[in-house]
Amino acid sequence: MTPHMLTRSLDRGATIFLAIVAACGILIPLSNLLLPAGSFLQVPTYLVALWGKYVCYAILALAIDLIWGYCGILSLGHGAFFALGGYAMGMYLMRQIGTRGVYGNPILPDFMVFLNYSKLPWYWYGFDMFWFAALMVLVVPGLLAFCFGWLAFRSRVTGVYLSIITQAMTYALLLAFFRNDFGFGGNNGLTDFKDILGFNVQAEGTRAALFALSCLALILAFLICRSVVSSKLGKVLIAIRDAESRSRFLGYRVESYKLFVFTLSACMAGVAGALYVPQVGIINPSEFAPGNSIEAVIWVAVGGRGTLIGAALGAVVVNYAKTFFTSGMLAPYWLFMLGALFILVTLLLPKGIVGTFNSWWDQSKENRAATAASAAAEDGVTEPDMAESAQ
Amino acid sequence: MLVNLPARLRTLLLSLVLIAFALPAFAGPFEDAIAKFANDDYSDTEEAIGVVASSGNPLAFPIISALQDGRLMADSDSKKVYVTGADGKSIDAATGQPVDSVPDSASAVRLNNRLRRSVDAAIGSLTLQSPDIATRLQAAQSVFKSHEETALEAVDGALAKETNKSVKAALGDARAAILLFKPDASEVEKLEAVATLKARGDQEAMALLTGMGDQPASVAKAAASAIGSIQSSLAVWSTVQNAWYGLSLGSVLLLAAIGLAITFGVMGVINMAHGEMVMIGAYTTFVVQEVIRTRYPGLFDYSLLIAVPLAFLVAGAIGVLIERSIIRFLYGRPLETLLATWGLSLVLQQAVRTMFGPTNREVGNPSWMSGAFELGQITITYNRLWILVFTLAVFAVLLAMLRYTALGLEMRAVTQNRRMAASMGIATSRVDALTFGLGSGIAGIAGVALSQIDNVSPNLGQSYIIDSFMVVVFGGVGNLWGTLVGAFTLGIANKFLEPVAGAVLGKIAILVLIILFIQKRPRGLFALKGRAVEA
């Protein structure tokens with residue numbers, strides 16, 4: 001990516017967005033670490049972790065917007081990629097516990113000792129090394145998405161059919177991960193983490209660093225998405241979204257484009273999951289629940305599909321609302337609100353917050369231009385014209 | 001008369017009577033045997049069990065069953081034995097006279113495993129002559145299981161008197177089982193026993209035949225061939241059983257999916273709130289039963305018949321309301337419909353949770369839906385059978401409705417070519433609303449049936465929604481027959497995979513197979529052909 005491409009792909013909104021994320025990524029950890037506890041400007045540690053969670057959701061939302069907003073692929077199984085990335089990171093964190101577990105086994109995580117495993121299953125090999133786990137965070141979701149997409153896009157499974165089978169995929173994974181003998185901790189999942197790269201996951205410094213890293217990942221993910229959608233590739237993706245058959249007849253290999261963007265999106269979701277797990281401290285099979293994936297789609301819809309910024313904004317807004325409402329006395333009404341949000345956004349705000357704002361902005365710009373043009377024209381208006389228009 | 005005697009004399013007489021009972025010289029073999037329980041010796045206890053069981057004394061059954069439950073108390077000093085009842089009252093085991101209290105020195109007669117078997121056998125033979133058919137049958141079956149040699153006499157006796165056919169057969173089986181394990185039974189008797197067990201042909205008969213140990217060559221050979229024949233017949237029956245379970249699961253899937261086949265298949269609307277329509281139907285059944293329970297308890301057996309039309313109306317009305325207020329603005333935007341109806345499902349779930357509470361509500365089975373009957377080696381429960389019948393009936397009615405009624409004709413016309421239908425004067429928006437209402441109403445009556453086999457909770461619908469979509473997509477959209485075939489195929493495949501792979505892995509395998517199948521035939525098993533599907 002050349003600097004020229006970077007500047008070209010950034011409009012004013014994107015610059016503001018990146019500036020805000022970067023500012024948050026720097027200022028919030030600094031305020032948490034440097035200011036005295038209880039000070040008015042100090043961000044408490046629990047809020048750092050909470051906002052870190054939102055940032056991870058924002059990355060997931062970006063991944064969904066990339067395929068749904070720009071290529072028309074509505075995946076109802078993106079939570080699966082998110083959770084797989086999370087599990088890869090969770091496996092690394094489990095191996096880091098070492099002898100500090102309840103059973104003190106240097107190799108086997110507690111749940112394996114409990115389930116009478118005699119040795120580590122082969123698919124747990126290598127997860128004691130961070131680089132390997134980090135690689136797997138990208139490879140496992142990417143590979144699954146590649147295989148799934150390769151089958152689905154080549155046989156031209158589109159629209160709601162694709163949505164339904166992605167939902168079936170995450171449902172099948174949900175069932176599989178709930179099994180104890182699958183080797184991933186059954187319904188308890190992976191938890192009780194101690195260290196990440198030698199730093200205590202509970203420590204304030206680690207949490208602040210993870211938050212900063214999540215913001216950095218969000219910025220990178222945004223730049224990657226931005227460069228994809230503003231390139232020629234992105235134009236083809238939009239063409240596929242709007243008229244798939246026509247794009248195919250024009251000679252584009254639709255399935256290759258879709259496969260690329262789907263795999264890329266899955267990798268991004270995996271990274272989001274990997275950053276999510278150390279900040280939340282647990283990963284369990286409920287992350288695979290189909291409902292989670294659909295909820296992630298609604299973040300994008302609320303923020304505005306096909307705007308990228310909107311996706312990230314929607315994720316933060318909806319999740320902030322969720323935290324706000326589910327913690328108070330309004331908790332029983334949260335599902336009513338979430339449900340109503342789904343309905344109202346699709347009915348009344350199909351472009352989402354950012355999309356609606358953009359079209360309002362464009363409209364008012366046009367109006368201003370029109371007013372200016374008519375004001376300029378008024379000077380040269382002749383008498384009879386005035387009389388005519390008055391009649 | 002005793003009452004007229006002076007008090008002192010009365011006391012004297014009473015103590016004489018008591019002494020007479022206590023004296024060994026007066027006692028018969030039954031009383032001797034009872035005293036043996038107090039010796040605290042396993043072989044004496046075993047002997048005593050044998051004597052008591054064959055004594056014909058009316059006290060025999062209470063004594064042996066007390067022994068089984070550890071309620072038979074023996075005092076080793078006075079050689080007295082007491083039966084403590086479950087109600088805390090005690091009787092003297094030898095005489096049957098009530099006693100005020102069991103002396104502290106008495107302790108429960110101890111049993112070991114061998115004795116426990118003879119106790120079971122003794123209980124079996126004691127109840128073999130009960131006037132109640134069910135008790136006799138159970139006794140014969142328990143003798144069959146224990147096949148204690150000591151019970152042979154009792155079985156033969158009962159067999160001679162027995163008139164009921166099924167009890168007689170059970171006694172015959174029990175006799176064969178005893179003879180098979182009796183070391184001194186003749187070869188002919190043993191061969192006959194093997195033949196009887198072969199005719200019985202179930203898992204238990206096979207267990208007996210495989211576990212009978214050393215036998216004469218001819219008997220061993222007959223047993224081996226019997227085992228072979230039982231195995232093959234069991235294999236057939238287990239296939240039949242899997243097929244039945246599969247049909248049953250298929251009928252549940254079909255019932256849940258059939259409404260979806262209309263809204264998704266015929267209208268192309270992705271209704272994620274479909275499961276909630278099923279749930280509303282189930283809760284309608286609950287409300288109907290509550291009203292019946294409190295007001296008209298006599299009508300309970302008809303509760304489902306009342307609930308079916310009500311559930312159809314309630315769910316159908318909600319369906320029409322949803323179509324008019326939400327779905328109609330989203331035609332042609334399937335992905336948005338999906339999201340909006342998902343939101344709707346959250347709202348409906350939470351509404352039901354608020355109204356009825358988050359826990360399971362109890363919906364009862366009417367008498368004609370509870371119970372089961374045996375067919376060969378498999379058990380068929382009435383509720384599963386009725387659900388299958390009901391599902392097929394709903395399917396047939398729906399098919400006939402689409403084929404023969406005016407609304408059905410209009411629905412098909414709108415499905416095939418909306419604009420042309422509109423030009424012909426069909427009020428398409430009215431047809432849309434009614435079609436959606438029909439699909440929702442059928443989901444509602446599915447809820448009535450599913451309330452009989454599933455927990456009625458706000459999450460009821462969620463557990464069916466993914467399966468229902470799988471059925472419709474697998475069978476082919478826009479084709480009711482495809483839905484039928486899809487549902488039964490998936491149901492049967494699931495049940496045949498379950499014994500091999502386990503329930504969860506079987507389900508995962510089915511999901512993966514469907515995902516792969518969609519790749520091969522993106523439009524399902526019975527796809528509509530032509531240009532319309534591309535639109």
# chains A, B, ... in the order shown; residues from 1 in each chain; ligands from 1
$ interface_residues --of "chain A" --to "chain B" --cutoff "7 Å" --atoms "only C-alpha atoms" --output "list in words"
Leu151, Ala152, Ser155, Val157, Val160, Ile165, Ala168, Ala172, Leu175, Leu335, Phe336, Leu338, Gly339, Ala340, Phe342, Ile343 and Thr346 of chain A
$ residues_around --residues "segment 76-84 of chain A" --least-positions-apart "5" --cutoff "7 Å" --atoms "only C-alpha atoms" --output "PDB file with C-alpha atoms, in the first residue's frame"
ATOM      1  CA  VAL A 140      -8.060 -22.021  11.397  1.00  0.00           C
ATOM      2  CA  PRO A 141     -10.922 -19.579  10.670  1.00  0.00           C
ATOM      3  CA  SER A 163     -27.234 -17.549   5.229  1.00  0.00           C
ATOM      4  CA  THR A 166     -23.670 -20.662   7.496  1.00  0.00           C
ATOM      5  CA  GLN A 167     -26.072 -20.803  10.400  1.00  0.00           C
ATOM      6  CA  MET A 169     -22.251 -24.494  10.221  1.00  0.00           C
ATOM      7  CA  THR A 170     -22.020 -22.515  13.435  1.00  0.00           C
ATOM      8  CA  ALA A 266     -13.061 -14.819   8.487  1.00  0.00           C
ATOM      9  CA  ALA A 269     -13.102 -12.251  12.758  1.00  0.00           C
ATOM     10  CA  GLY A 270     -10.545 -14.742  14.099  1.00  0.00           C
ATOM     11  CA  ALA A 272     -11.110 -10.184  16.879  1.00  0.00           C
ATOM     12  CA  GLY A 273     -11.867 -13.381  18.799  1.00  0.00           C
ATOM     13  CA  GLU A 287     -19.886 -18.093  21.483  1.00  0.00           C
ATOM     14  CA  PHE A 288     -20.896 -20.380  18.607  1.00  0.00           C
ATOM     15  CA  PRO A 290     -26.411 -18.807  16.086  1.00  0.00           C
ATOM     16  CA  ASN A 292     -24.638 -14.310  18.584  1.00  0.00           C
ATOM     17  CA  SER A 293     -23.845 -14.250  14.889  1.00  0.00           C
ATOM     18  CA  ILE A 294     -27.206 -12.713  14.029  1.00  0.00           C
TER      19      ILE A 294
END
$ residues_around --residues "Ala220 of chain B" --least-positions-apart "2" --cutoff "12 Å" --atoms "only C-alpha atoms" --output "NGL selection string"
:B and (180 or 187 or 190-191 or 193-194 or 209-218 or 222-227)
$ closest_atom_pairs --of "segment 250-365 of chain B" --to "segment 431-444 of chain B" --cutoff "12 Å" --atoms "only C-alpha atoms" --output "JSON lines"
{"residue": "B:Val252", "atom": "CA", "partner": "B:Ala443", "partner_atom": "CA", "distance": 11.5}
{"residue": "B:Leu253", "atom": "CA", "partner": "B:Ala443", "partner_atom": "CA", "distance": 11.4}
{"residue": "B:Leu254", "atom": "CA", "partner": "B:Ala443", "partner_atom": "CA", "distance": 10.5}
{"residue": "B:Leu255", "atom": "CA", "partner": "B:Ala443", "partner_atom": "CA", "distance": 7.5}
{"residue": "B:Ala256", "atom": "CA", "partner": "B:Ala443", "partner_atom": "CA", "distance": 6.3}
{"residue": "B:Ala257", "atom": "CA", "partner": "B:Ala443", "partner_atom": "CA", "distance": 7.9}
{"residue": "B:Ile258", "atom": "CA", "partner": "B:Ile442", "partner_atom": "CA", "distance": 7.3}
{"residue": "B:Gly259", "atom": "CA", "partner": "B:Gly439", "partner_atom": "CA", "distance": 4.2}
{"residue": "B:Leu260", "atom": "CA", "partner": "B:Gly439", "partner_atom": "CA", "distance": 6.4}
{"residue": "B:Ala261", "atom": "CA", "partner": "B:Gly439", "partner_atom": "CA", "distance": 7.8}
{"residue": "B:Ile262", "atom": "CA", "partner": "B:Gly439", "partner_atom": "CA", "distance": 5.5}
{"residue": "B:Thr263", "atom": "CA", "partner": "B:Gly439", "partner_atom": "CA", "distance": 5.7}
{"residue": "B:Phe264", "atom": "CA", "partner": "B:Gly439", "partner_atom": "CA", "distance": 9.1}
{"residue": "B:Gly265", "atom": "CA", "partner": "B:Gly439", "partner_atom": "CA", "distance": 10.2}
{"residue": "B:Val266", "atom": "CA", "partner": "B:Thr435", "partner_atom": "CA", "distance": 8.6}
{"residue": "B:Met267", "atom": "CA", "partner": "B:Asp432", "partner_atom": "CA", "distance": 7.6}
{"residue": "B:Gly268", "atom": "CA", "partner": "B:Phe436", "partner_atom": "CA", "distance": 10.5}
{"residue": "B:Val269", "atom": "CA", "partner": "B:Phe436", "partner_atom": "CA", "distance": 8.9}
{"residue": "B:Ile270", "atom": "CA", "partner": "B:Phe436", "partner_atom": "CA", "distance": 11.0}
{"residue": "B:Asn271", "atom": "CA", "partner": "B:Ser440", "partner_atom": "CA", "distance": 9.5}
{"residue": "B:Met272", "atom": "CA", "partner": "B:Ser440", "partner_atom": "CA", "distance": 11.5}
{"residue": "B:Ala273", "atom": "CA", "partner": "B:Ser440", "partner_atom": "CA", "distance": 9.3}
{"residue": "B:His274", "atom": "CA", "partner": "B:Ser440", "partner_atom": "CA", "distance": 6.9}
{"residue": "B:Gly275", "atom": "CA", "partner": "B:Ala443", "partner_atom": "CA", "distance": 7.6}
{"residue": "B:Glu276", "atom": "CA", "partner": "B:Ala443", "partner_atom": "CA", "distance": 8.6}
{"residue": "B:Met277", "atom": "CA", "partner": "B:Gly444", "partner_atom": "CA", "distance": 5.4}
{"residue": "B:Val278", "atom": "CA", "partner": "B:Gly444", "partner_atom": "CA", "distance": 4.8}
{"residue": "B:Met279", "atom": "CA", "partner": "B:Gly444", "partner_atom": "CA", "distance": 7.3}
{"residue": "B:Ile280", "atom": "CA", "partner": "B:Gly444", "partner_atom": "CA", "distance": 6.3}
{"residue": "B:Gly281", "atom": "CA", "partner": "B:Gly444", "partner_atom": "CA", "distance": 3.9}
{"residue": "B:Ala282", "atom": "CA", "partner": "B:Gly444", "partner_atom": "CA", "distance": 7.2}
{"residue": "B:Tyr283", "atom": "CA", "partner": "B:Gly444", "partner_atom": "CA", "distance": 9.4}
{"residue": "B:Thr284", "atom": "CA", "partner": "B:Gly444", "partner_atom": "CA", "distance": 8.4}
{"residue": "B:Thr285", "atom": "CA", "partner": "B:Gly444", "partner_atom": "CA", "distance": 9.7}
{"residue": "B:Ala307", "atom": "CA", "partner": "B:Gly444", "partner_atom": "CA", "distance": 9.7}
{"residue": "B:Val308", "atom": "CA", "partner": "B:Gly444", "partner_atom": "CA", "distance": 8.0}
{"residue": "B:Pro309", "atom": "CA", "partner": "B:Gly441", "partner_atom": "CA", "distance": 9.0}
{"residue": "B:Leu310", "atom": "CA", "partner": "B:Gly444", "partner_atom": "CA", "distance": 8.8}
{"residue": "B:Ala311", "atom": "CA", "partner": "B:Gly444", "partner_atom": "CA", "distance": 5.1}
{"residue": "B:Phe312", "atom": "CA", "partner": "B:Gly441", "partner_atom": "CA", "distance": 4.2}
{"residue": "B:Leu313", "atom": "CA", "partner": "B:Gly441", "partner_atom": "CA", "distance": 6.3}
{"residue": "B:Val314", "atom": "CA", "partner": "B:Gly441", "partner_atom": "CA", "distance": 7.3}
{"residue": "B:Ala315", "atom": "CA", "partner": "B:Gly441", "partner_atom": "CA", "distance": 4.8}
{"residue": "B:Gly316", "atom": "CA", "partner": "B:Gly441", "partner_atom": "CA", "distance": 4.0}
{"residue": "B:Ala317", "atom": "CA", "partner": "B:Gly437", "partner_atom": "CA", "distance": 6.4}
{"residue": "B:Ile318", "atom": "CA", "partner": "B:Gly437", "partner_atom": "CA", "distance": 7.5}
{"residue": "B:Gly319", "atom": "CA", "partner": "B:Gly437", "partner_atom": "CA", "distance": 4.6}
{"residue": "B:Val320", "atom": "CA", "partner": "B:Gly437", "partner_atom": "CA", "distance": 4.7}
{"residue": "B:Leu321", "atom": "CA", "partner": "B:Ala433", "partner_atom": "CA", "distance": 8.2}
{"residue": "B:Ile322", "atom": "CA", "partner": "B:Phe436", "partner_atom": "CA", "distance": 8.6}
{"residue": "B:Glu323", "atom": "CA", "partner": "B:Ala433", "partner_atom": "CA", "distance": 5.7}
{"residue": "B:Arg324", "atom": "CA", "partner": "B:Ala433", "partner_atom": "CA", "distance": 6.6}
{"residue": "B:Ser325", "atom": "CA", "partner": "B:Ala433", "partner_atom": "CA", "distance": 10.2}
{"residue": "B:Ile326", "atom": "CA", "partner": "B:Ala433", "partner_atom": "CA", "distance": 11.0}
{"residue": "B:Ile327", "atom": "CA", "partner": "B:Ala433", "partner_atom": "CA", "distance": 9.2}
{"residue": "B:Arg328", "atom": "CA", "partner": "B:Asp432", "partner_atom": "CA", "distance": 8.2}
{"residue": "B:Phe329", "atom": "CA", "partner": "B:Asp432", "partner_atom": "CA", "distance": 11.9}
{"residue": "B:Tyr331", "atom": "CA", "partner": "B:Asp432", "partner_atom": "CA", "distance": 10.2}
$ select_by_dssp --residues "segment 278-320 of chain B" --states "alpha helix (DSSP H)" --output "JSON, numbers by chain"
{"B": [278, 279, 280, 281, 282, 283, 284, 285, 286, 287, 288, 289, 290, 291, 292, 293, 294, 295, 303, 304, 305, 306, 307, 308, 309, 310, 311, 312, 313, 314, 315, 316, 317, 318, 319, 320]}
$ atom_distance --atom1 "atom CA of Ala88 of chain A" --atom2 "atom CA of Pro278 of chain A"
11.3 Å
$ residues_around --residues "Gln141 of chain B" --least-positions-apart "3" --cutoff "8 Å" --atoms "only C-alpha atoms" --output "list in words"
Leu137, Gln138, Phe144, Lys145, Ala170, Leu171 and Ala174 of chain B
